[in-house]
$ cat my_file_29.tsv   # TSV, C-alpha atoms
chain	number	residue	atom	x	y	z
M	1	MET	CA	125.27	117.26	106.43
M	2	PRO	CA	121.94	118.78	107.52
M	3	LEU	CA	120.14	116.72	110.14
M	4	GLU	CA	117.06	116.25	107.95
M	5	TYR	CA	119.19	114.55	105.29
M	6	ILE	CA	120.57	112.12	107.87
M	7	VAL	CA	117.05	111.27	109.04
M	8	ALA	CA	115.89	110.89	105.43
M	9	ALA	CA	118.73	108.42	104.81
M	10	ILE	CA	117.72	106.40	107.88
M	11	LEU	CA	114.13	106.46	106.64
M	12	GLY	CA	115.32	105.07	103.32
M	13	VAL	CA	117.23	102.29	105.07
M	14	ALA	CA	114.14	101.38	107.15
M	15	LEU	CA	111.97	101.15	104.02
M	16	THR	CA	114.61	99.07	102.27
M	17	VAL	CA	114.95	96.59	105.12
M	18	TYR	CA	111.15	96.32	105.37
M	19	SER	CA	110.92	95.59	101.64
M	20	LEU	CA	113.55	92.85	101.91
M	21	THR	CA	112.01	91.24	105.01
M	22	GLY	CA	108.34	92.14	105.35
M	23	GLY	CA	108.04	92.28	101.56
M	24	ALA	CA	109.26	88.69	101.32
M	25	ASP	CA	106.63	87.71	103.89
M	26	PHE	CA	103.95	89.19	101.66
M	27	GLY	CA	105.45	87.35	98.71
M	28	GLY	CA	105.26	84.13	100.70
M	29	GLY	CA	101.53	84.74	101.03
M	30	VAL	CA	101.28	85.01	97.25
M	31	TRP	CA	102.91	81.61	96.81
M	32	ASP	CA	100.72	80.21	99.57
M	33	LEU	CA	97.73	81.23	97.43
M	34	LEU	CA	99.26	79.75	94.27
M	35	ALA	CA	100.55	76.51	95.82
M	36	THR	CA	99.48	73.71	93.48
M	37	GLY	CA	100.20	70.13	92.57
M	38	PRO	CA	100.90	67.08	94.71
M	39	ARG	CA	103.34	69.06	96.90
M	40	ALA	CA	101.00	72.00	97.60
M	41	SER	CA	100.66	71.23	101.31
M	42	ARG	CA	104.42	70.78	101.67
M	43	GLN	CA	105.00	74.08	99.86
M	44	ARG	CA	102.68	75.82	102.30
M	45	GLY	CA	104.46	74.11	105.15
M	46	VAL	CA	107.82	75.54	104.08
M	47	ILE	CA	106.28	79.00	103.67
M	48	GLU	CA	104.70	78.83	107.12
M	49	ARG	CA	107.90	77.72	108.81
M	50	ALA	CA	109.88	80.41	107.00
M	51	ILE	CA	107.52	83.21	108.03
M	52	ALA	CA	106.37	82.14	111.48
M	53	PRO	CA	109.42	83.09	113.63
M	54	ILE	CA	110.00	86.53	112.11
M	55	TRP	CA	106.92	88.03	110.44
M	56	GLU	CA	105.82	90.20	113.36
M	57	ALA	CA	109.36	91.39	114.04
M	58	ASN	CA	109.74	92.50	110.43
M	59	HIS	CA	106.98	95.07	110.89
M	60	VAL	CA	109.28	96.94	113.27
M	61	TRP	CA	110.89	98.52	110.19
M	62	LEU	CA	107.56	99.81	108.89
M	63	ILE	CA	106.72	101.21	112.32
M	64	LEU	CA	110.13	102.88	112.42
M	65	ALA	CA	109.50	104.47	109.01
M	66	VAL	CA	106.09	105.79	110.09
M	67	VAL	CA	107.50	107.23	113.33
M	68	LEU	CA	110.39	108.88	111.46
M	69	MET	CA	107.96	110.53	109.05
M	70	PHE	CA	105.62	111.66	111.81
M	71	VAL	CA	108.35	113.14	114.01
M	72	SER	CA	110.83	114.39	111.42
M	73	PHE	CA	108.68	115.52	108.50
M	74	PRO	CA	105.26	116.34	109.98
M	75	ARG	CA	104.06	118.43	107.02
M	76	ALA	CA	104.78	115.60	104.59
M	77	PHE	CA	103.26	113.05	106.96
M	78	ALA	CA	100.06	115.10	107.21
M	79	ALA	CA	99.86	115.58	103.44
M	80	LEU	CA	100.48	111.93	102.58
M	81	GLY	CA	98.21	110.69	105.36
M	82	THR	CA	95.42	112.91	104.06
M	83	VAL	CA	95.60	112.33	100.32
M	84	LEU	CA	96.58	108.66	100.50
M	85	HIS	CA	94.38	107.70	103.44
M	86	ILE	CA	92.37	105.21	101.35
M	87	PRO	CA	95.27	103.00	100.15
M	88	LEU	CA	97.07	103.41	103.48
M	89	THR	CA	93.92	102.26	105.32
M	90	LEU	CA	93.62	99.29	102.94
M	91	ALA	CA	97.26	98.41	103.62
M	92	LEU	CA	96.68	98.62	107.38
M	93	ILE	CA	93.57	96.43	107.14
M	94	GLY	CA	95.56	93.96	105.05
M	95	ILE	CA	98.38	93.80	107.60
M	96	VAL	CA	95.93	93.18	110.46
M	97	LEU	CA	93.88	90.58	108.56
M	98	ARG	CA	96.99	88.85	107.30
M	99	GLY	CA	98.50	88.49	110.76
M	100	SER	CA	95.23	87.36	112.29
M	101	ALA	CA	94.57	84.83	109.54
M	102	PHE	CA	98.10	83.44	109.78
M	103	THR	CA	97.74	82.96	113.53
M	104	PHE	CA	94.24	81.45	113.41
M	105	ARG	CA	95.22	79.12	110.58
M	106	SER	CA	98.28	77.93	112.48
M	107	TYR	CA	96.81	77.55	115.96
M	108	GLY	CA	93.07	78.08	116.02
M	109	MET	CA	91.52	75.83	113.41
M	110	ASP	CA	91.74	72.06	113.02
M	111	ASP	CA	88.92	71.53	110.52
M	112	ALA	CA	89.64	71.72	106.79
M	113	ALA	CA	86.97	74.35	106.07
M	114	GLY	CA	88.40	76.72	108.68
M	115	GLN	CA	91.91	76.19	107.37
M	116	ARG	CA	90.81	77.03	103.82
M	117	ARG	CA	88.94	80.15	104.95
M	118	TRP	CA	91.87	81.56	106.90
M	119	SER	CA	94.27	80.59	104.11
M	120	ARG	CA	92.24	82.63	101.62
M	121	ILE	CA	92.19	85.63	103.95
M	122	PHE	CA	95.94	85.30	104.51
M	123	ALA	CA	96.65	85.09	100.78
M	124	VAL	CA	94.30	87.89	99.67
M	125	SER	CA	95.69	90.18	102.38
M	126	SER	CA	99.20	89.36	101.17
M	127	LEU	CA	98.16	90.66	97.75
M	128	LEU	CA	96.21	93.68	98.96
M	129	THR	CA	98.84	95.18	101.26
M	130	PRO	CA	101.83	95.41	98.89
M	131	PHE	CA	99.55	96.58	96.08
M	132	ALA	CA	98.18	99.39	98.24
M	133	LEU	CA	101.65	100.40	99.43
M	134	GLY	CA	102.90	100.32	95.85
M	135	THR	CA	100.16	102.67	94.66
M	136	CYS	CA	101.25	105.10	97.39
M	137	VAL	CA	104.82	104.99	96.10
M	138	GLY	CA	103.54	105.50	92.57
M	139	ALA	CA	101.49	108.51	93.61
M	140	ILE	CA	104.51	110.10	95.31
M	141	ALA	CA	106.91	109.29	92.46
M	142	SER	CA	104.58	110.64	89.77
M	143	GLY	CA	104.15	114.01	91.47
M	144	ARG	CA	100.37	113.66	91.48
M	145	ILE	CA	100.06	114.91	95.06
M	146	GLN	CA	99.63	118.67	94.85
M	147	MET	CA	100.29	121.35	97.45
M	148	ASP	CA	98.36	124.63	97.44
M	149	ALA	CA	100.93	127.41	96.92
M	150	ALA	CA	98.79	129.97	98.74
M	151	THR	CA	98.01	127.99	101.90
M	152	GLY	CA	100.84	125.47	101.95
M	153	LEU	CA	98.28	122.71	102.49
M	154	VAL	CA	97.76	119.62	100.39
M	155	VAL	CA	95.07	119.74	97.71
M	156	PRO	CA	92.33	117.39	99.01
M	157	ASP	CA	92.12	114.94	96.11
M	158	PHE	CA	91.62	111.52	97.69
M	159	ILE	CA	91.30	109.40	94.53
M	160	GLY	CA	93.20	110.89	91.60
M	161	PRO	CA	96.77	110.72	92.96
M	162	TRP	CA	96.81	106.94	93.50
M	163	LEU	CA	93.98	105.57	91.34
M	164	ALA	CA	95.75	106.21	88.04
M	165	PRO	CA	97.60	104.00	85.54
M	166	PHE	CA	101.15	104.69	86.79
M	167	PRO	CA	100.47	104.17	90.54
M	168	ILE	CA	98.46	101.03	89.76
M	169	ALA	CA	101.34	99.71	87.64
M	170	VAL	CA	103.73	100.37	90.53
M	171	GLY	CA	101.33	98.50	92.83
M	172	VAL	CA	101.31	95.44	90.57
M	173	PHE	CA	105.09	95.66	90.17
M	174	THR	CA	105.44	95.71	93.97
M	175	VAL	CA	103.35	92.55	94.37
M	176	VAL	CA	105.39	90.69	91.75
M	177	ILE	CA	108.79	91.77	93.04
M	178	PHE	CA	107.84	90.73	96.57
M	179	ALA	CA	106.72	87.35	95.21
M	180	TYR	CA	110.03	87.10	93.35
M	181	ILE	CA	112.22	87.78	96.37
M	182	ALA	CA	110.11	85.39	98.46
M	183	ALA	CA	110.61	82.56	95.96
M	184	VAL	CA	114.36	83.17	95.91
M	185	TYR	CA	114.49	83.11	99.70
M	186	LEU	CA	112.34	79.97	99.88
M	187	THR	CA	114.83	77.96	97.82
M	188	LEU	CA	117.11	78.22	100.85
M	189	GLU	CA	114.41	77.47	103.43
M	190	THR	CA	114.35	73.74	102.66
M	191	THR	CA	116.79	71.01	101.70
M	192	ASP	CA	114.09	69.04	99.86
M	193	ARG	CA	115.20	69.10	96.21
M	194	GLU	CA	111.66	68.83	94.87
M	195	LEU	CA	110.48	71.82	96.89
M	196	GLN	CA	113.57	73.79	95.93
M	197	GLU	CA	112.70	73.13	92.30
M	198	ASP	CA	109.12	74.30	92.89
M	199	PHE	CA	110.26	77.62	94.34
M	200	ARG	CA	113.03	77.93	91.75
M	201	ARG	CA	110.47	77.73	88.93
M	202	ARG	CA	108.24	80.27	90.66
M	203	GLY	CA	111.20	82.60	91.17
M	204	LEU	CA	112.15	82.36	87.51
M	205	LEU	CA	108.58	83.06	86.39
M	206	ALA	CA	108.23	86.05	88.71
M	207	GLY	CA	111.67	87.40	87.78
M	208	ILE	CA	110.93	87.14	84.07
M	209	ALA	CA	107.52	88.78	84.59
M	210	LEU	CA	109.27	91.78	86.14
M	211	ALA	CA	110.79	92.73	82.78
M	212	PRO	CA	107.52	93.57	80.93
M	213	LEU	CA	106.09	95.08	84.12
M	214	ALA	CA	109.15	97.32	84.46
M	215	TRP	CA	108.79	98.37	80.81
M	216	LEU	CA	105.08	99.12	81.30
M	217	THR	CA	105.76	101.12	84.46
M	218	TRP	CA	108.56	102.99	82.69
M	219	SER	CA	106.25	103.82	79.78
M	220	LEU	CA	103.49	105.05	82.05
M	221	ALA	CA	106.01	107.12	84.03
M	222	GLY	CA	107.00	108.91	80.84
M	223	ASP	CA	103.36	109.58	80.02
M	224	THR	CA	102.61	111.25	83.35
M	225	GLY	CA	104.61	114.33	82.45
M	226	SER	CA	105.31	114.95	86.13
M	227	VAL	CA	108.06	112.39	86.79
M	228	PRO	CA	111.41	114.15	87.32
M	229	PRO	CA	113.13	114.36	83.92
M	230	GLY	CA	116.37	113.00	85.35
M	231	LEU	CA	114.62	109.69	85.95
M	232	MET	CA	113.99	109.37	82.23
M	233	HIS	CA	116.87	111.03	80.39
M	234	ASP	CA	119.93	111.86	82.53
M	235	THR	CA	123.01	109.84	81.62
M	236	PRO	CA	123.81	108.85	85.25
M	237	ALA	CA	120.22	107.66	85.70
M	238	LEU	CA	120.39	105.57	82.53
M	239	ILE	CA	123.69	104.02	83.63
M	240	TYR	CA	122.14	103.22	87.00
M	241	GLN	CA	119.21	101.54	85.24
M	242	VAL	CA	121.56	99.46	83.10
M	243	VAL	CA	123.39	98.29	86.23
M	244	THR	CA	120.05	97.38	87.83
M	245	ALA	CA	119.09	95.40	84.72
M	246	ILE	CA	122.42	93.55	84.83
M	247	LEU	CA	121.78	92.62	88.46
M	248	ALA	CA	118.32	91.34	87.51
M	249	VAL	CA	119.67	89.17	84.69
M	250	ALA	CA	122.52	87.88	86.86
M	251	ALA	CA	120.07	86.91	89.61
M	252	LEU	CA	117.94	84.95	87.13
M	253	VAL	CA	121.02	83.21	85.72
M	254	ALA	CA	122.15	82.22	89.21
M	255	LEU	CA	118.66	80.94	89.98
M	256	TRP	CA	118.58	79.01	86.69
M	257	GLN	CA	121.92	77.42	87.59
M	258	ARG	CA	120.62	76.52	91.06
M	259	ARG	CA	123.19	78.71	92.77
M	260	TYR	CA	120.65	79.72	95.36
M	261	SER	CA	122.87	81.64	97.77
M	262	LEU	CA	124.28	83.76	94.96
M	263	ALA	CA	120.78	84.27	93.54
M	264	ARG	CA	119.64	85.60	96.91
M	265	ILE	CA	122.52	88.07	97.11
M	266	LEU	CA	121.91	89.32	93.57
M	267	ALA	CA	118.13	89.55	94.03
M	268	VAL	CA	118.62	91.58	97.21
M	269	ALA	CA	121.04	93.87	95.36
M	270	GLN	CA	118.51	94.24	92.55
M	271	ILE	CA	115.74	95.34	94.90
M	272	ILE	CA	118.04	97.72	96.75
M	273	ALA	CA	119.05	99.25	93.42
M	274	ILE	CA	115.41	99.73	92.40
M	275	LEU	CA	114.40	101.31	95.71
M	276	TRP	CA	117.40	103.58	96.06
M	277	GLY	CA	117.23	104.59	92.42
M	278	TRP	CA	113.77	105.98	93.08
M	279	MET	CA	114.69	107.53	96.43
M	280	LEU	CA	117.86	109.19	95.14
M	281	GLU	CA	116.01	110.61	92.16
M	282	GLN	CA	113.21	111.83	94.42
M	283	ALA	CA	115.64	113.54	96.84
M	284	PRO	CA	115.64	116.17	98.18
M	285	THR	CA	111.92	116.40	97.46
M	286	LEU	CA	109.31	114.61	99.55
M	287	ILE	CA	106.31	115.93	97.64
M	288	ALA	CA	107.08	117.53	94.29
M	289	PRO	CA	107.82	120.22	93.50
M	290	ASP	CA	108.08	122.36	96.65
M	291	LEU	CA	108.00	120.20	99.78
M	292	THR	CA	111.67	119.34	100.23
M	293	PHE	CA	113.42	117.72	103.18
M	294	THR	CA	114.34	121.14	104.52
M	295	VAL	CA	110.89	122.70	104.10
M	296	ALA	CA	109.08	119.71	105.61
M	297	ALA	CA	111.54	119.03	108.43
M	298	ALA	CA	110.87	119.51	112.12
M	299	PRO	CA	113.13	121.91	114.10
M	300	ASP	CA	116.75	120.87	114.54
M	301	ASN	CA	116.41	120.23	118.27
M	302	ILE	CA	113.72	117.61	117.59
M	303	LEU	CA	115.80	115.97	114.86
M	304	ARG	CA	118.87	115.96	117.08
M	305	ASN	CA	117.02	114.31	119.96
M	306	LEU	CA	115.48	111.80	117.56
M	307	LEU	CA	118.91	110.79	116.25
M	308	ILE	CA	120.17	110.34	119.82
M	309	VAL	CA	117.20	108.08	120.64
M	310	LEU	CA	117.77	106.11	117.42
M	311	ALA	CA	121.43	105.62	118.28
M	312	ILE	CA	120.53	104.31	121.74
M	313	GLY	CA	117.71	102.13	120.43
M	314	SER	CA	119.88	100.59	117.71
M	315	VAL	CA	122.15	99.16	120.41
M	316	VAL	CA	119.22	96.95	121.41
M	317	LEU	CA	117.40	96.57	118.08
M	318	LEU	CA	120.21	95.55	115.73
M	319	PRO	CA	121.75	92.80	117.92
M	320	SER	CA	118.25	91.49	118.64
M	321	PHE	CA	117.48	91.17	114.94
M	322	TRP	CA	120.85	89.57	114.30
M	323	TRP	CA	120.19	86.99	117.02
M	324	LEU	CA	116.65	86.33	115.75
M	325	TYR	CA	117.86	85.59	112.23
M	326	HIS	CA	120.82	83.64	113.53
M	327	LEU	CA	118.48	81.35	115.45
M	328	PHE	CA	115.91	80.76	112.73
M	329	LYS	CA	117.59	81.41	109.38
M	330	THR	CA	121.04	79.84	109.48
M	331	ASP	CA	120.16	76.13	109.59
M	332	PRO	CA	117.74	75.00	106.86
M	333	ASP	CA	118.62	71.37	107.69
M	334	ALA	CA	116.62	71.83	110.89
M	335	HIS	CA	113.47	71.68	108.78
M	336	ALA	CA	114.55	68.93	106.40
M	337	ASP	CA	112.75	66.11	108.16
M	338	ALA	CA	109.52	68.12	108.37
M	339	ASP	CA	109.72	68.92	104.64
M	340	HIS	CA	109.96	65.24	103.82

$ encode --input "my_file_29.tsv" --output "structure tokens"
Amino acid sequence: MPLEYIVAAILGVALTVYSLTGGADFGGGVWDLLATGPRASRQRGVIERAIAPIWEANHVWLILAVVLMFVSFPRAFAALGTVLHIPLTLALIGIVLRGSAFTFRSYGMDDAAGQRRWSRIFAVSSLLTPFALGTCVGAIASGRIQMDAATGLVVPDFIGPWLAPFPIAVGVFTVVIFAYIAAVYLTLETTDRELQEDFRRRGLLAGIALAPLAWLTWSLAGDTGSVPPGLMHDTPALIYQVVTAILAVAALVALWQRRYSLARILAVAQIIAILWGWMLEQAPTLIAPDLTFTVAAAPDNILRNLLIVLAIGSVVLLPSFWWLYHLFKTDPDAHADADH
């Protein structure tokens, strides 16, 4: 297999892991904003305890994805960084504000007014960042980023590629699916039955909302005229979409039946199916129609050295993440007294 395909696969894995970890953190911010009722403060307490030990570590996967793009596919990195600099800057601002607000709310403010102010910043940033990242995905998937055939440079349109119906729909879809996976995770972050029911209801609402949003996004994708035809009509693609829909329904059924561990597994599988369905359909093109993995790739010696460094780094990174999650995510009973 060509080296650029191996790096592209690793890039896809990094984006997937970030969506399942960092994405859930963003979703937790959505539910922090929407916490209501007599248990609102307890809901926020569960969210804070779930996010606090891991949220900064989860950004390692986004950093890895950015570095892989920069080193391995510099032409694509330059093109995307140029055309999508507005939503990418908004996402970066959101990440910084969100982290700062979370820290100041947790450790820097005792008065109620300060807590409310930082909570609003935390919540709004948790909405802004996934929406901005989703519009970037929508712009790439729709083929709205154009390369000049004569110069090989990107056409400098800084608004049109991402500020359009389909990318905006993908942005909204991204916010809702992150909120969905966060609610599913949060059912396992507490042993308090009342709080589990709160997050269960939110998970069901978000999961059900994904269906019309998926239909809307699908409809807008067909209207763009630039989405790869295989995504819309090929038999294997349609079978893949049916399987994804079955996973989505199964996850909701498991959540409805309060089988929270099974619901988490199925929801994770659903998100993986959605992400990899897009990435496999997009491959081997980074920017349609001409900038493929091979055309955009750095020289083989750079890719080879990068893979060696990744192999060495994974010896430290992967066990560290396993230990982090083992310490903080395998014993929800540790938080039971605090939840009560």

$ residues_around --input "my_file_29.tsv" --residues "range 91-105 of chain M" --least-positions-apart "5" --cutoff "12 Å" --atoms "all atoms listed in the file" --output "MDAnalysis selection string"
chainID M and resid 22:23 25:26 28:30 32 44:45 47:49 51:59 62:63 84:86 110:136 171

$ residues_around --input "my_file_29.tsv" --residues "Phe173 in chain M" --least-positions-apart "4" --cutoff "8 Å" --atoms "all atoms listed in the file" --output "CSV table (one decimal) with C-alpha atoms, keeping the file's coordinate frame"
chain,number,residue,atom,x,y,z
M,134,GLY,CA,102.9,100.3,95.8
M,169,ALA,CA,101.3,99.7,87.6
M,177,ILE,CA,108.8,91.8,93.0
M,210,LEU,CA,109.3,91.8,86.1
M,213,LEU,CA,106.1,95.1,84.1
M,214,ALA,CA,109.2,97.3,84.5
M,217,THR,CA,105.8,101.1,84.5

$ atom_distance --input "my_file_29.tsv" --atom1 "CA of Ala206 in chain M" --atom2 "CA of Lys329 in chain M"
23.2 Å

$ closest_residue --input "my_file_29.tsv" --among "M:Leu275, M:Val309, M:Ile265, M:Leu188" --to "Tyr240 in chain M" --atoms "all atoms listed in the file"
M:Leu275

$ residues_near_point --input "my_file_29.tsv" --point "(92.9, 121.3, 95.2)" --cutoff "10 Å" --atoms "all atoms listed in the file" --output "ChimeraX atom specification"
/M:145-148,153-157
